[in-house]
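work_34.pdb (PDB, C-alpha atoms)
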```
MODEL        1
ATOM      1  CA  MET A   1      92.095   4.981  -0.409  1.00  0.00           C
ATOM      2  CA  TYR A   2      88.454   5.933   0.026  1.00  0.00           C
ATOM      3  CA  GLN A   3      89.245   9.577   0.665  1.00  0.00           C
ATOM      4  CA  SER A   4      91.325   9.984  -2.495  1.00  0.00           C
ATOM      5  CA  ASP A   5      89.026   7.912  -4.718  1.00  0.00           C
ATOM      6  CA  LEU A   6      85.896   9.759  -3.573  1.00  0.00           C
ATOM      7  CA  LEU A   7      87.315  13.265  -3.302  1.00  0.00           C
ATOM      8  CA  PRO A   8      85.608  14.457  -6.526  1.00  0.00           C
ATOM      9  CA  LEU A   9      82.246  13.238  -5.194  1.00  0.00           C
ATOM     10  CA  ARG A  10      82.859  14.952  -1.873  1.00  0.00           C
ATOM     11  CA  GLU A  11      83.675  18.210  -3.626  1.00  0.00           C
ATOM     12  CA  GLU A  12      80.592  17.986  -5.818  1.00  0.00           C
ATOM     13  CA  ILE A  13      78.337  17.252  -2.848  1.00  0.00           C
ATOM     14  CA  VAL A  14      79.585  20.299  -0.945  1.00  0.00           C
ATOM     15  CA  ALA A  15      79.250  22.574  -3.981  1.00  0.00           C
ATOM     16  CA  THR A  16      75.708  21.340  -4.690  1.00  0.00           C
ATOM     17  CA  ALA A  17      74.585  21.505  -1.068  1.00  0.00           C
ATOM     18  CA  GLN A  18      75.894  25.045  -0.671  1.00  0.00           C
ATOM     19  CA  ARG A  19      74.189  26.097  -3.885  1.00  0.00           C
ATOM     20  CA  ALA A  20      70.894  24.604  -2.693  1.00  0.00           C
ATOM     21  CA  TYR A  21      71.228  26.432   0.618  1.00  0.00           C
ATOM     22  CA  ARG A  22      71.921  29.751  -1.122  1.00  0.00           C
ATOM     23  CA  GLU A  23      68.894  29.198  -3.349  1.00  0.00           C
ATOM     24  CA  GLY A  24      66.621  28.679  -0.346  1.00  0.00           C
ATOM     25  CA  PHE A  25      65.972  24.958  -0.747  1.00  0.00           C
ATOM     26  CA  MET A  26      66.472  24.311   2.964  1.00  0.00           C
ATOM     27  CA  ALA A  27      66.965  26.189   6.225  1.00  0.00           C
ATOM     28  CA  ALA A  28      69.748  25.857   8.803  1.00  0.00           C
ATOM     29  CA  THR A  29      71.126  22.296   8.620  1.00  0.00           C
ATOM     30  CA  SER A  30      68.078  20.540   7.150  1.00  0.00           C
ATOM     31  CA  GLY A  31      68.278  18.520   3.948  1.00  0.00           C
ATOM     32  CA  ASN A  32      70.941  16.050   2.839  1.00  0.00           C
ATOM     33  CA  PHE A  33      72.858  15.086  -0.293  1.00  0.00           C
ATOM     34  CA  SER A  34      74.625  11.897  -1.312  1.00  0.00           C
ATOM     35  CA  CYS A  35      76.357  10.060  -4.146  1.00  0.00           C
ATOM     36  CA  LEU A  36      77.053   6.375  -4.666  1.00  0.00           C
ATOM     37  CA  ASP A  37      80.553   5.363  -5.732  1.00  0.00           C
ATOM     38  CA  LYS A  38      81.295   3.434  -8.930  1.00  0.00           C
ATOM     39  CA  THR A  39      81.328   0.086  -7.144  1.00  0.00           C
ATOM     40  CA  GLY A  40      77.876   0.608  -5.658  1.00  0.00           C
ATOM     41  CA  GLN A  41      79.217  -0.307  -2.216  1.00  0.00           C
ATOM     42  CA  TYR A  42      79.857   3.077  -0.623  1.00  0.00           C
ATOM     43  CA  MET A  43      78.036   6.351  -0.446  1.00  0.00           C
ATOM     44  CA  ALA A  44      79.301   9.820   0.296  1.00  0.00           C
ATOM     45  CA  ILE A  45      76.791  11.862   2.298  1.00  0.00           C
ATOM     46  CA  THR A  46      76.558  15.200   4.063  1.00  0.00           C
ATOM     47  CA  PRO A  47      77.236  15.157   7.814  1.00  0.00           C
ATOM     48  CA  SER A  48      74.583  15.549  10.477  1.00  0.00           C
ATOM     49  CA  GLY A  49      73.906  18.963  11.975  1.00  0.00           C
ATOM     50  CA  MET A  50      76.593  20.960  10.143  1.00  0.00           C
ATOM     51  CA  ALA A  51      75.997  24.398   8.657  1.00  0.00           C
ATOM     52  CA  TYR A  52      76.390  24.361   4.895  1.00  0.00           C
ATOM     53  CA  SER A  53      78.320  27.621   4.924  1.00  0.00           C
ATOM     54  CA  VAL A  54      81.281  26.012   6.693  1.00  0.00           C
ATOM     55  CA  MET A  55      81.094  22.544   5.140  1.00  0.00           C
ATOM     56  CA  THR A  56      84.197  21.285   3.317  1.00  0.00           C
ATOM     57  CA  PRO A  57      84.849  18.130   1.254  1.00  0.00           C
ATOM     58  CA  GLU A  58      86.643  16.604   4.251  1.00  0.00           C
ATOM     59  CA  ASP A  59      83.389  16.838   6.232  1.00  0.00           C
ATOM     60  CA  ILE A  60      81.529  14.528   3.845  1.00  0.00           C
ATOM     61  CA  VAL A  61      81.111  11.079   5.387  1.00  0.00           C
ATOM     62  CA  ILE A  62      81.820   7.831   3.526  1.00  0.00           C
ATOM     63  CA  LEU A  63      79.834   4.798   4.659  1.00  0.00           C
ATOM     64  CA  ASP A  64      78.583   1.512   3.309  1.00  0.00           C
ATOM     65  CA  LEU A  65      74.912   0.789   2.781  1.00  0.00           C
ATOM     66  CA  ASN A  66      74.690  -0.840   6.210  1.00  0.00           C
ATOM     67  CA  GLY A  67      75.738   2.387   7.922  1.00  0.00           C
ATOM     68  CA  ASN A  68      79.334   1.467   8.743  1.00  0.00           C
ATOM     69  CA  VAL A  69      81.466   4.600   8.512  1.00  0.00           C
ATOM     70  CA  ILE A  70      84.467   4.007   6.273  1.00  0.00           C
ATOM     71  CA  ASP A  71      85.929   7.477   6.379  1.00  0.00           C
ATOM     72  CA  GLY A  72      84.959  10.746   8.025  1.00  0.00           C
ATOM     73  CA  GLN A  73      85.161  12.527  11.334  1.00  0.00           C
ATOM     74  CA  HIS A  74      81.475  13.378  11.674  1.00  0.00           C
ATOM     75  CA  LYS A  75      78.226  11.499  12.019  1.00  0.00           C
ATOM     76  CA  PRO A  76      76.456  10.948   8.688  1.00  0.00           C
ATOM     77  CA  SER A  77      73.129  12.624   8.001  1.00  0.00           C
ATOM     78  CA  SER A  78      70.336  11.263  10.170  1.00  0.00           C
ATOM     79  CA  GLU A  79      68.588  10.305   6.916  1.00  0.00           C
ATOM     80  CA  TRP A  80      71.367   8.010   5.676  1.00  0.00           C
ATOM     81  CA  LYS A  81      68.988   5.025   5.923  1.00  0.00           C
ATOM     82  CA  MET A  82      66.646   6.650   3.401  1.00  0.00           C
ATOM     83  CA  HIS A  83      69.531   7.082   0.958  1.00  0.00           C
ATOM     84  CA  ALA A  84      70.749   3.516   1.541  1.00  0.00           C
ATOM     85  CA  GLU A  85      67.298   2.027   0.903  1.00  0.00           C
ATOM     86  CA  ILE A  86      66.980   3.873  -2.392  1.00  0.00           C
ATOM     87  CA  TYR A  87      70.456   2.874  -3.558  1.00  0.00           C
ATOM     88  CA  ARG A  88      69.978  -0.718  -2.457  1.00  0.00           C
ATOM     89  CA  HIS A  89      66.731  -1.236  -4.355  1.00  0.00           C
ATOM     90  CA  LEU A  90      67.018   1.205  -7.269  1.00  0.00           C
ATOM     91  CA  PRO A  91      70.489   0.786  -8.792  1.00  0.00           C
ATOM     92  CA  GLN A  92      69.670   3.146 -11.662  1.00  0.00           C
ATOM     93  CA  TYR A  93      70.269   6.021  -9.250  1.00  0.00           C
ATOM     94  CA  HIS A  94      73.713   7.164  -8.128  1.00  0.00           C
ATOM     95  CA  ALA A  95      72.781  10.459  -6.481  1.00  0.00           C
ATOM     96  CA  ILE A  96      70.049  11.642  -4.110  1.00  0.00           C
ATOM     97  CA  VAL A  97      68.977  15.139  -3.091  1.00  0.00           C
ATOM     98  CA  HIS A  98      66.661  15.740  -0.141  1.00  0.00           C
ATOM     99  CA  THR A  99      65.469  19.312   0.360  1.00  0.00           C
ATOM    100  CA  HIS A 100      62.791  21.248   2.191  1.00  0.00           C
ATOM    101  CA  SER A 101      62.106  23.676  -0.651  1.00  0.00           C
ATOM    102  CA  PRO A 102      59.158  25.704   0.653  1.00  0.00           C
ATOM    103  CA  ASN A 103      56.588  25.533  -2.141  1.00  0.00           C
ATOM    104  CA  ALA A 104      56.994  21.813  -2.728  1.00  0.00           C
ATOM    105  CA  THR A 105      57.178  21.066   0.998  1.00  0.00           C
ATOM    106  CA  ALA A 106      53.887  22.901   1.457  1.00  0.00           C
ATOM    107  CA  TYR A 107      52.308  20.245  -0.776  1.00  0.00           C
ATOM    108  CA  ALA A 108      54.076  17.544   1.239  1.00  0.00           C
ATOM    109  CA  VAL A 109      52.556  18.975   4.414  1.00  0.00           C
ATOM    110  CA  LEU A 110      49.119  18.897   2.792  1.00  0.00           C
ATOM    111  CA  ARG A 111      49.880  15.392   1.483  1.00  0.00           C
ATOM    112  CA  ARG A 112      48.740  16.497  -1.969  1.00  0.00           C
ATOM    113  CA  GLU A 113      50.521  15.626  -5.178  1.00  0.00           C
ATOM    114  CA  ILE A 114      51.646  18.416  -7.474  1.00  0.00           C
ATOM    115  CA  PRO A 115      49.672  18.001 -10.723  1.00  0.00           C
ATOM    116  CA  CYS A 116      51.513  17.760 -14.012  1.00  0.00           C
ATOM    117  CA  VAL A 117      50.725  21.108 -15.621  1.00  0.00           C
ATOM    118  CA  LEU A 118      54.053  21.820 -17.348  1.00  0.00           C
ATOM    119  CA  VAL A 119      55.772  20.060 -20.224  1.00  0.00           C
ATOM    120  CA  GLU A 120      59.012  20.135 -18.197  1.00  0.00           C
ATOM    121  CA  MET A 121      57.349  18.066 -15.500  1.00  0.00           C
ATOM    122  CA  LEU A 122      56.502  15.374 -18.023  1.00  0.00           C
ATOM    123  CA  LEU A 123      59.966  15.417 -19.603  1.00  0.00           C
ATOM    124  CA  PHE A 124      62.135  15.624 -16.497  1.00  0.00           C
ATOM    125  CA  LEU A 125      59.972  14.326 -13.644  1.00  0.00           C
ATOM    126  CA  GLY A 126      57.796  11.736 -15.351  1.00  0.00           C
ATOM    127  CA  GLY A 127      54.572  13.610 -14.628  1.00  0.00           C
ATOM    128  CA  SER A 128      52.939  14.666 -11.374  1.00  0.00           C
ATOM    129  CA  ILE A 129      54.958  14.694  -8.154  1.00  0.00           C
ATOM    130  CA  GLU A 130      53.342  12.088  -5.935  1.00  0.00           C
ATOM    131  CA  VAL A 131      53.467  11.838  -2.145  1.00  0.00           C
ATOM    132  CA  ALA A 132      55.172   8.976  -0.318  1.00  0.00           C
ATOM    133  CA  ASP A 133      53.545   7.799   2.902  1.00  0.00           C
ATOM    134  CA  TYR A 134      54.760   9.331   6.150  1.00  0.00           C
ATOM    135  CA  ALA A 135      57.516   7.622   8.132  1.00  0.00           C
ATOM    136  CA  SER A 136      59.495   8.681  11.195  1.00  0.00           C
ATOM    137  CA  GLN A 137      62.518  10.830  10.466  1.00  0.00           C
ATOM    138  CA  GLY A 138      65.724   8.824  10.255  1.00  0.00           C
ATOM    139  CA  SER A 139      63.992   5.485   9.745  1.00  0.00           C
ATOM    140  CA  ALA A 140      64.623   3.164   6.811  1.00  0.00           C
ATOM    141  CA  ALA A 141      60.889   3.399   6.107  1.00  0.00           C
ATOM    142  CA  VAL A 142      61.358   6.939   4.809  1.00  0.00           C
ATOM    143  CA  GLY A 143      63.291   5.407   1.930  1.00  0.00           C
ATOM    144  CA  THR A 144      61.149   2.288   1.631  1.00  0.00           C
ATOM    145  CA  ASN A 145      58.007   4.377   1.270  1.00  0.00           C
ATOM    146  CA  CYS A 146      59.606   6.260  -1.640  1.00  0.00           C
ATOM    147  CA  LEU A 147      60.425   3.167  -3.652  1.00  0.00           C
ATOM    148  CA  PRO A 148      57.097   2.608  -5.454  1.00  0.00           C
ATOM    149  CA  ILE A 149      57.185   6.181  -6.748  1.00  0.00           C
ATOM    150  CA  LEU A 150      60.910   6.421  -7.472  1.00  0.00           C
ATOM    151  CA  ARG A 151      60.745   3.228  -9.513  1.00  0.00           C
ATOM    152  CA  ARG A 152      58.542   5.139 -11.961  1.00  0.00           C
ATOM    153  CA  LYS A 153      59.832   8.694 -11.730  1.00  0.00           C
ATOM    154  CA  PRO A 154      62.868  10.474 -10.232  1.00  0.00           C
ATOM    155  CA  ALA A 155      61.085  12.663  -7.687  1.00  0.00           C
ATOM    156  CA  CYS A 156      58.547  12.437  -4.904  1.00  0.00           C
ATOM    157  CA  LEU A 157      57.250  14.327  -1.916  1.00  0.00           C
ATOM    158  CA  LEU A 158      57.717  13.000   1.606  1.00  0.00           C
ATOM    159  CA  ALA A 159      54.536  13.465   3.624  1.00  0.00           C
ATOM    160  CA  ASN A 160      55.009  16.168   6.279  1.00  0.00           C
ATOM    161  CA  HIS A 161      58.706  16.284   5.485  1.00  0.00           C
ATOM    162  CA  GLY A 162      60.033  17.544   2.167  1.00  0.00           C
ATOM    163  CA  VAL A 163      61.221  16.470  -1.259  1.00  0.00           C
ATOM    164  CA  VAL A 164      63.516  13.703  -2.500  1.00  0.00           C
ATOM    165  CA  THR A 165      64.907  13.571  -6.016  1.00  0.00           C
ATOM    166  CA  ALA A 166      67.307  11.096  -7.592  1.00  0.00           C
ATOM    167  CA  GLY A 167      69.423  10.796 -10.713  1.00  0.00           C
ATOM    168  CA  GLU A 168      72.321   9.096 -12.402  1.00  0.00           C
ATOM    169  CA  THR A 169      74.433  12.083 -11.339  1.00  0.00           C
ATOM    170  CA  LEU A 170      74.194  14.679  -8.593  1.00  0.00           C
ATOM    171  CA  ALA A 171      73.724  17.409 -11.185  1.00  0.00           C
ATOM    172  CA  GLN A 172      70.725  15.546 -12.579  1.00  0.00           C
ATOM    173  CA  ALA A 173      69.240  14.907  -9.142  1.00  0.00           C
ATOM    174  CA  TYR A 174      69.586  18.577  -8.209  1.00  0.00           C
ATOM    175  CA  THR A 175      68.095  19.717 -11.511  1.00  0.00           C
ATOM    176  CA  ASN A 176      65.114  17.497 -10.737  1.00  0.00           C
ATOM    177  CA  SER A 177      64.724  19.202  -7.360  1.00  0.00           C
ATOM    178  CA  ILE A 178      64.708  22.589  -9.096  1.00  0.00           C
ATOM    179  CA  TYR A 179      61.916  21.465 -11.408  1.00  0.00           C
ATOM    180  CA  VAL A 180      59.884  20.145  -8.465  1.00  0.00           C
ATOM    181  CA  GLU A 181      60.083  23.449  -6.612  1.00  0.00           C
ATOM    182  CA  ASP A 182      59.398  25.448  -9.768  1.00  0.00           C
ATOM    183  CA  ALA A 183      56.328  23.350 -10.523  1.00  0.00           C
ATOM    184  CA  ALA A 184      54.994  23.739  -6.988  1.00  0.00           C
ATOM    185  CA  LYS A 185      55.469  27.509  -7.127  1.00  0.00           C
ATOM    186  CA  ILE A 186      53.761  27.825 -10.504  1.00  0.00           C
ATOM    187  CA  VAL A 187      50.790  25.704  -9.455  1.00  0.00           C
ATOM    188  CA  ARG A 188      50.432  27.751  -6.251  1.00  0.00           C
ATOM    189  CA  LEU A 189      50.533  31.021  -8.194  1.00  0.00           C
ATOM    190  CA  ALA A 190      48.046  29.733 -10.756  1.00  0.00           C
ATOM    191  CA  MET A 191      45.612  28.648  -8.043  1.00  0.00           C
ATOM    192  CA  SER A 192      46.002  31.971  -6.210  1.00  0.00           C
ATOM    193  CA  THR A 193      44.205  33.680  -9.108  1.00  0.00           C
ATOM    194  CA  GLY A 194      41.012  31.946  -8.026  1.00  0.00           C
ATOM    195  CA  CYS A 195      40.747  30.144 -11.348  1.00  0.00           C
ATOM    196  CA  PRO A 196      40.763  26.342 -11.346  1.00  0.00           C
ATOM    197  CA  ILE A 197      43.424  24.545 -13.346  1.00  0.00           C
ATOM    198  CA  PRO A 198      41.561  23.476 -16.512  1.00  0.00           C
ATOM    199  CA  ALA A 199      43.783  20.566 -17.543  1.00  0.00           C
ATOM    200  CA  VAL A 200      46.820  18.469 -16.698  1.00  0.00           C
ATOM    201  CA  ILE A 201      49.347  16.966 -19.106  1.00  0.00           C
ATOM    202  CA  GLU A 202      50.021  13.314 -19.722  1.00  0.00           C
ATOM    203  CA  GLU A 203      51.888  11.410 -22.422  1.00  0.00           C
ATOM    204  CA  GLU A 204      48.844  11.286 -24.690  1.00  0.00           C
ATOM    205  CA  GLY A 205      48.176  15.012 -24.393  1.00  0.00           C
ATOM    206  CA  SER A 206      46.074  16.985 -21.927  1.00  0.00           C
ATOM    207  CA  LYS A 207      42.993  16.026 -19.983  1.00  0.00           C
ATOM    208  CA  PRO A 208      40.545  17.868 -17.726  1.00  0.00           C
ATOM    209  CA  TYR A 209      41.741  18.507 -14.206  1.00  0.00           C
ATOM    210  CA  GLY A 210      38.761  17.901 -11.976  1.00  0.00           C
ATOM    211  CA  ILE A 211      40.317  18.014  -8.497  1.00  0.00           C
ATOM    212  CA  SER A 212      40.645  21.312  -6.654  1.00  0.00           C
ATOM    213  CA  ILE A 213      43.855  22.020  -4.757  1.00  0.00           C
TER     214      ILE A 213
ENDMDL
END
```
Starting from the file, give its structure as structure tokens.
Amino acid sequence: MYQSDLLPLREEIVATAQRAYREGFMAATSGNFSCLDKTGQYMAITPSGMAYSVMTPEDIVILDLNGNVIDGQHKPSSEWKMHAEIYRHLPQYHAIVHTHSPNATAYAVLRREIPCVLVEMLLFLGGSIEVADYASQGSAAVGTNCLPILRRKPACLLANHGVVTAGETLAQAYTNSIYVEDAAKIVRLAMSTGCPIPAVIEEEGSKPYGISI
């Protein structure tokens, strides 16, 4: 039942994860991707420790939000608790993408938010990309710490860890991750000129940017 009903989600997760890997959004087996089913009871998530190049839809694990495996022959991603916390508390999201895209993750390592300098950031990401407090890998706190930010905008940085983006669909969540990485790269390139960023964008327009990166 679960395998047939969730096969399209499994196929989409594999296709998106493999695309993200090809585009350099994570190395080796890092990162994880999930979708919530229509009932809101079960999530499909990438398996733990499997190379994306060999991953198939059958490898995607189905589990409930308490971590009980419903279908699948592998262990779910070690970050399944993060996904479950987000789904449990933020029902507007039905897909989550967690990557280690290098430019954005560099900001996560520095624990510095990425300032809103592009119109696309305002439109798609709700403004600057803020940093969630650090929590041990695999703990529910990784997800809990994201909640205050993800309630307001669909993307945040994980301190010393990476990036998490969410959306109504997996395509939307992955598009958000692309915009996060693009923004981080552009800000890094702009700052590498030695010139300070003169302004950031907000809903009312632009304002001076007085904090150096």
If you count all atoms listed in the file, which residues fall within 8 Å of region 104-111 of chain A, apart from same-chain ones fewer than 6 positions away, as a PyMOL selection string? chain A and resi 131+157-163+180-181+183-185
Mind checking which residues fall within 8 Å of Ser177 (chain A), counting only C-alpha atoms, ignoring those fewer than 6 positions away in the same chain, and posting them as a ChimeraX atom specification? /A:97,99,155,163-165
With a distance cut-off of 6 Å and only C-alpha atoms, select the neighbouring residues of Phe25 (chain A), excluding the residue or stretch itself and same-chain residues fewer than 2 positions from it, and output the selection as a ChimeraX atom specification. /A:20-21,23,99-101
For the PyMOL selection byres ((chain A and resi 89) around 12), applied here, can you spell out every residue it catches as a list in words? Gly40, Leu65, Met82, His83, Ala84, Glu85, Ile86, Tyr87, Arg88, Leu90, Pro91, Gln92, Tyr93, His94, Gly143, Thr144, Asn145, Cys146, Leu147, Pro148, Leu150 and Arg151 of chain A
Between CA of Ile149 (chain A) and CA of Ala199 (chain A) - distance in Å to one decimal: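 If I compute the distance from CA of Ala199 (chain A) to CA of Ile149 (chain A), I get 22.4 Å.
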Using the chain letters and residue numbers of this document, give as a PyMOL selection string the residues selected by the PyMOL selection byres ((chain A and resi 76) around 9). chain A and resi 44-48+60-63+67+69+72+74-75+77-80
Please identify all polymer residues within 9 Å of Glu120 (chain A), counting only C-alpha atoms, omitting same-chain residues fewer than 5 positions from it, and present them as a short mmCIF file (atom, residue, chain, number, x, y, z; two decimals) with C-alpha atoms, keeping the file's coordinate frame.
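Result file part-v9.cif:
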```
data_model
loop_
_atom_site.label_atom_id
_atom_site.label_comp_id
_atom_site.auth_asym_id
_atom_site.auth_seq_id
_atom_site.Cartn_x
_atom_site.Cartn_y
_atom_site.Cartn_z
CA LEU A 125 59.97 14.33 -13.64
CA GLY A 126 57.80 11.74 -15.35
CA GLY A 127 54.57 13.61 -14.63
CA TYR A 179 61.92 21.46 -11.41
CA ALA A 183 56.33 23.35 -10.52
#
```
Taking the file above as input, evaluate the PyMOL selection byres ((chain A and resi 167) around 10) and report the hits as a ChimeraX atom specification. /A:35,92-97,153-155,165-166,168-176
Using the selection just defined, write its residues with C-alpha atoms as a PDB file, in the frame of the given file.
```pdb
ATOM      1  CA  CYS A  35      76.357  10.060  -4.146  1.00  0.00           C
ATOM      2  CA  GLN A  92      69.670   3.146 -11.662  1.00  0.00           C
ATOM      3  CA  TYR A  93      70.269   6.021  -9.250  1.00  0.00           C
ATOM      4  CA  HIS A  94      73.713   7.164  -8.128  1.00  0.00           C
ATOM      5  CA  ALA A  95      72.781  10.459  -6.481  1.00  0.00           C
ATOM      6  CA  ILE A  96      70.049  11.642  -4.110  1.00  0.00           C
ATOM      7  CA  VAL A  97      68.977  15.139  -3.091  1.00  0.00           C
ATOM      8  CA  LYS A 153      59.832   8.694 -11.730  1.00  0.00           C
ATOM      9  CA  PRO A 154      62.868  10.474 -10.232  1.00  0.00           C
ATOM     10  CA  ALA A 155      61.085  12.663  -7.687  1.00  0.00           C
ATOM     11  CA  THR A 165      64.907  13.571  -6.016  1.00  0.00           C
ATOM     12  CA  ALA A 166      67.307  11.096  -7.592  1.00  0.00           C
ATOM     13  CA  GLU A 168      72.321   9.096 -12.402  1.00  0.00           C
ATOM     14  CA  THR A 169      74.433  12.083 -11.339  1.00  0.00           C
ATOM     15  CA  LEU A 170      74.194  14.679  -8.593  1.00  0.00           C
ATOM     16  CA  ALA A 171      73.724  17.409 -11.185  1.00  0.00           C
ATOM     17  CA  GLN A 172      70.725  15.546 -12.579  1.00  0.00           C
ATOM     18  CA  ALA A 173      69.240  14.907  -9.142  1.00  0.00           C
ATOM     19  CA  TYR A 174      69.586  18.577  -8.209  1.00  0.00           C
ATOM     20  CA  THR A 175      68.095  19.717 -11.511  1.00  0.00           C
ATOM     21  CA  ASN A 176      65.114  17.497 -10.737  1.00  0.00           C
TER      22      ASN A 176
END
```
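Minimum atom-to-atom distances from A:Gly49, A:Cys195, A:Thr56, A:Ser128 to Leu9 (chain A) were compared using all atoms listed in the file, and the lowest value belongs to A:Thr56.
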Work out how far apart CA of Thr39 (chain A) and CA of Arg10 (chain A) are and give it in Å to one decimal.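 Computing the Euclidean distance for CA of Thr39 (chain A) and CA of Arg10 (chain A) yields 15.8 Å.
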Do you have the CA of Thr193 (chain A)-CA of Cys116 (chain A) distance handy? 18.2 Å
Mind checking which residues fall within 9 Å of Ala28 (chain A), counting only C-alpha atoms, ignoring those fewer than 2 positions away in the same chain, and posting them as JSON, numbers by chain? {"A": [21, 26, 30, 31, 49, 50, 51, 52]}
Just checking: using only C-alpha atoms, which residue out of A:Ile70, A:Val117, A:Gly194, A:Lys81 ends up closest to Asn32 (chain A)?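 Looking only at the distances to Asn32 (chain A), the closest residue turns out to be A:Lys81.
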Pick from A:Gln73, A:Ala141, A:Val187, A:Gln41: nearest to Glu113 (chain A), with all atoms listed in the file counted?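 That would be A:Val187, the residue with the smallest distance to Glu113 (chain A).
Shortest atom-to-atom contact with Ile13 (chain A) among A:Ser53, A:Gln137, A:Ser34, A:Ser192: A:Ser34, counting all atoms listed in the file.
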Given the choices A:Ile178, A:Leu118, A:Val142, A:Ile129, which gets closest to Val200 (chain A) if the distance is worked out from all atoms listed in the file? A:Leu118
For region 77-83 of chain A, supply all heavy atoms and report the output as a compact mmCIF listing (two decimals), in the frame of the given file.
```txt
# COMPACT_ATOMS: atom_id res chain seq x y z
N SER A 77 74.49 12.10 7.92
CA SER A 77 73.13 12.62 8.00
C SER A 77 72.20 11.63 8.69
O SER A 77 72.32 10.41 8.49
CB SER A 77 72.59 12.92 6.60
OG SER A 77 71.20 13.12 6.62
N SER A 78 71.29 12.14 9.48
CA SER A 78 70.34 11.26 10.17
C SER A 78 69.45 10.51 9.19
O SER A 78 68.79 9.53 9.56
CB SER A 78 69.47 12.08 11.13
OG SER A 78 68.72 13.06 10.42
N GLU A 79 69.42 10.96 7.92
CA GLU A 79 68.59 10.30 6.92
C GLU A 79 69.39 9.34 6.03
O GLU A 79 68.94 8.98 4.94
CB GLU A 79 67.90 11.36 6.03
CG GLU A 79 66.90 12.24 6.75
CD GLU A 79 65.63 11.52 7.16
OE1 GLU A 79 65.53 10.30 6.93
OE2 GLU A 79 64.74 12.18 7.70
N TRP A 80 70.55 8.90 6.51
CA TRP A 80 71.37 8.01 5.68
C TRP A 80 70.62 6.72 5.32
O TRP A 80 70.84 6.15 4.24
CB TRP A 80 72.69 7.68 6.37
CG TRP A 80 72.59 6.76 7.56
CD1 TRP A 80 72.53 7.13 8.88
CD2 TRP A 80 72.55 5.33 7.54
NE1 TRP A 80 72.43 6.02 9.68
CE2 TRP A 80 72.45 4.89 8.89
CE3 TRP A 80 72.60 4.37 6.54
CZ2 TRP A 80 72.39 3.54 9.23
CZ3 TRP A 80 72.52 3.01 6.87
CH2 TRP A 80 72.42 2.62 8.22
N LYS A 81 69.73 6.26 6.21
CA LYS A 81 68.99 5.03 5.92
C LYS A 81 68.06 5.20 4.72
O LYS A 81 67.87 4.26 3.94
CB LYS A 81 68.19 4.58 7.14
CG LYS A 81 69.04 4.12 8.31
CD LYS A 81 68.19 3.71 9.50
CE LYS A 81 69.03 3.28 10.68
NZ LYS A 81 68.20 2.92 11.86
N MET A 82 67.48 6.38 4.57
CA MET A 82 66.65 6.65 3.40
C MET A 82 67.48 6.51 2.13
O MET A 82 67.07 5.85 1.17
CB MET A 82 66.05 8.05 3.48
CG MET A 82 65.29 8.47 2.22
SD MET A 82 64.72 10.19 2.24
CE MET A 82 66.28 11.06 1.98
N HIS A 83 68.65 7.14 2.13
CA HIS A 83 69.53 7.08 0.96
C HIS A 83 69.93 5.63 0.67
O HIS A 83 69.91 5.20 -0.49
CB HIS A 83 70.78 7.94 1.20
CG HIS A 83 70.49 9.41 1.29
ND1 HIS A 83 70.91 10.31 0.34
CD2 HIS A 83 69.83 10.14 2.22
CE1 HIS A 83 70.53 11.53 0.67
NE2 HIS A 83 69.88 11.44 1.83
```
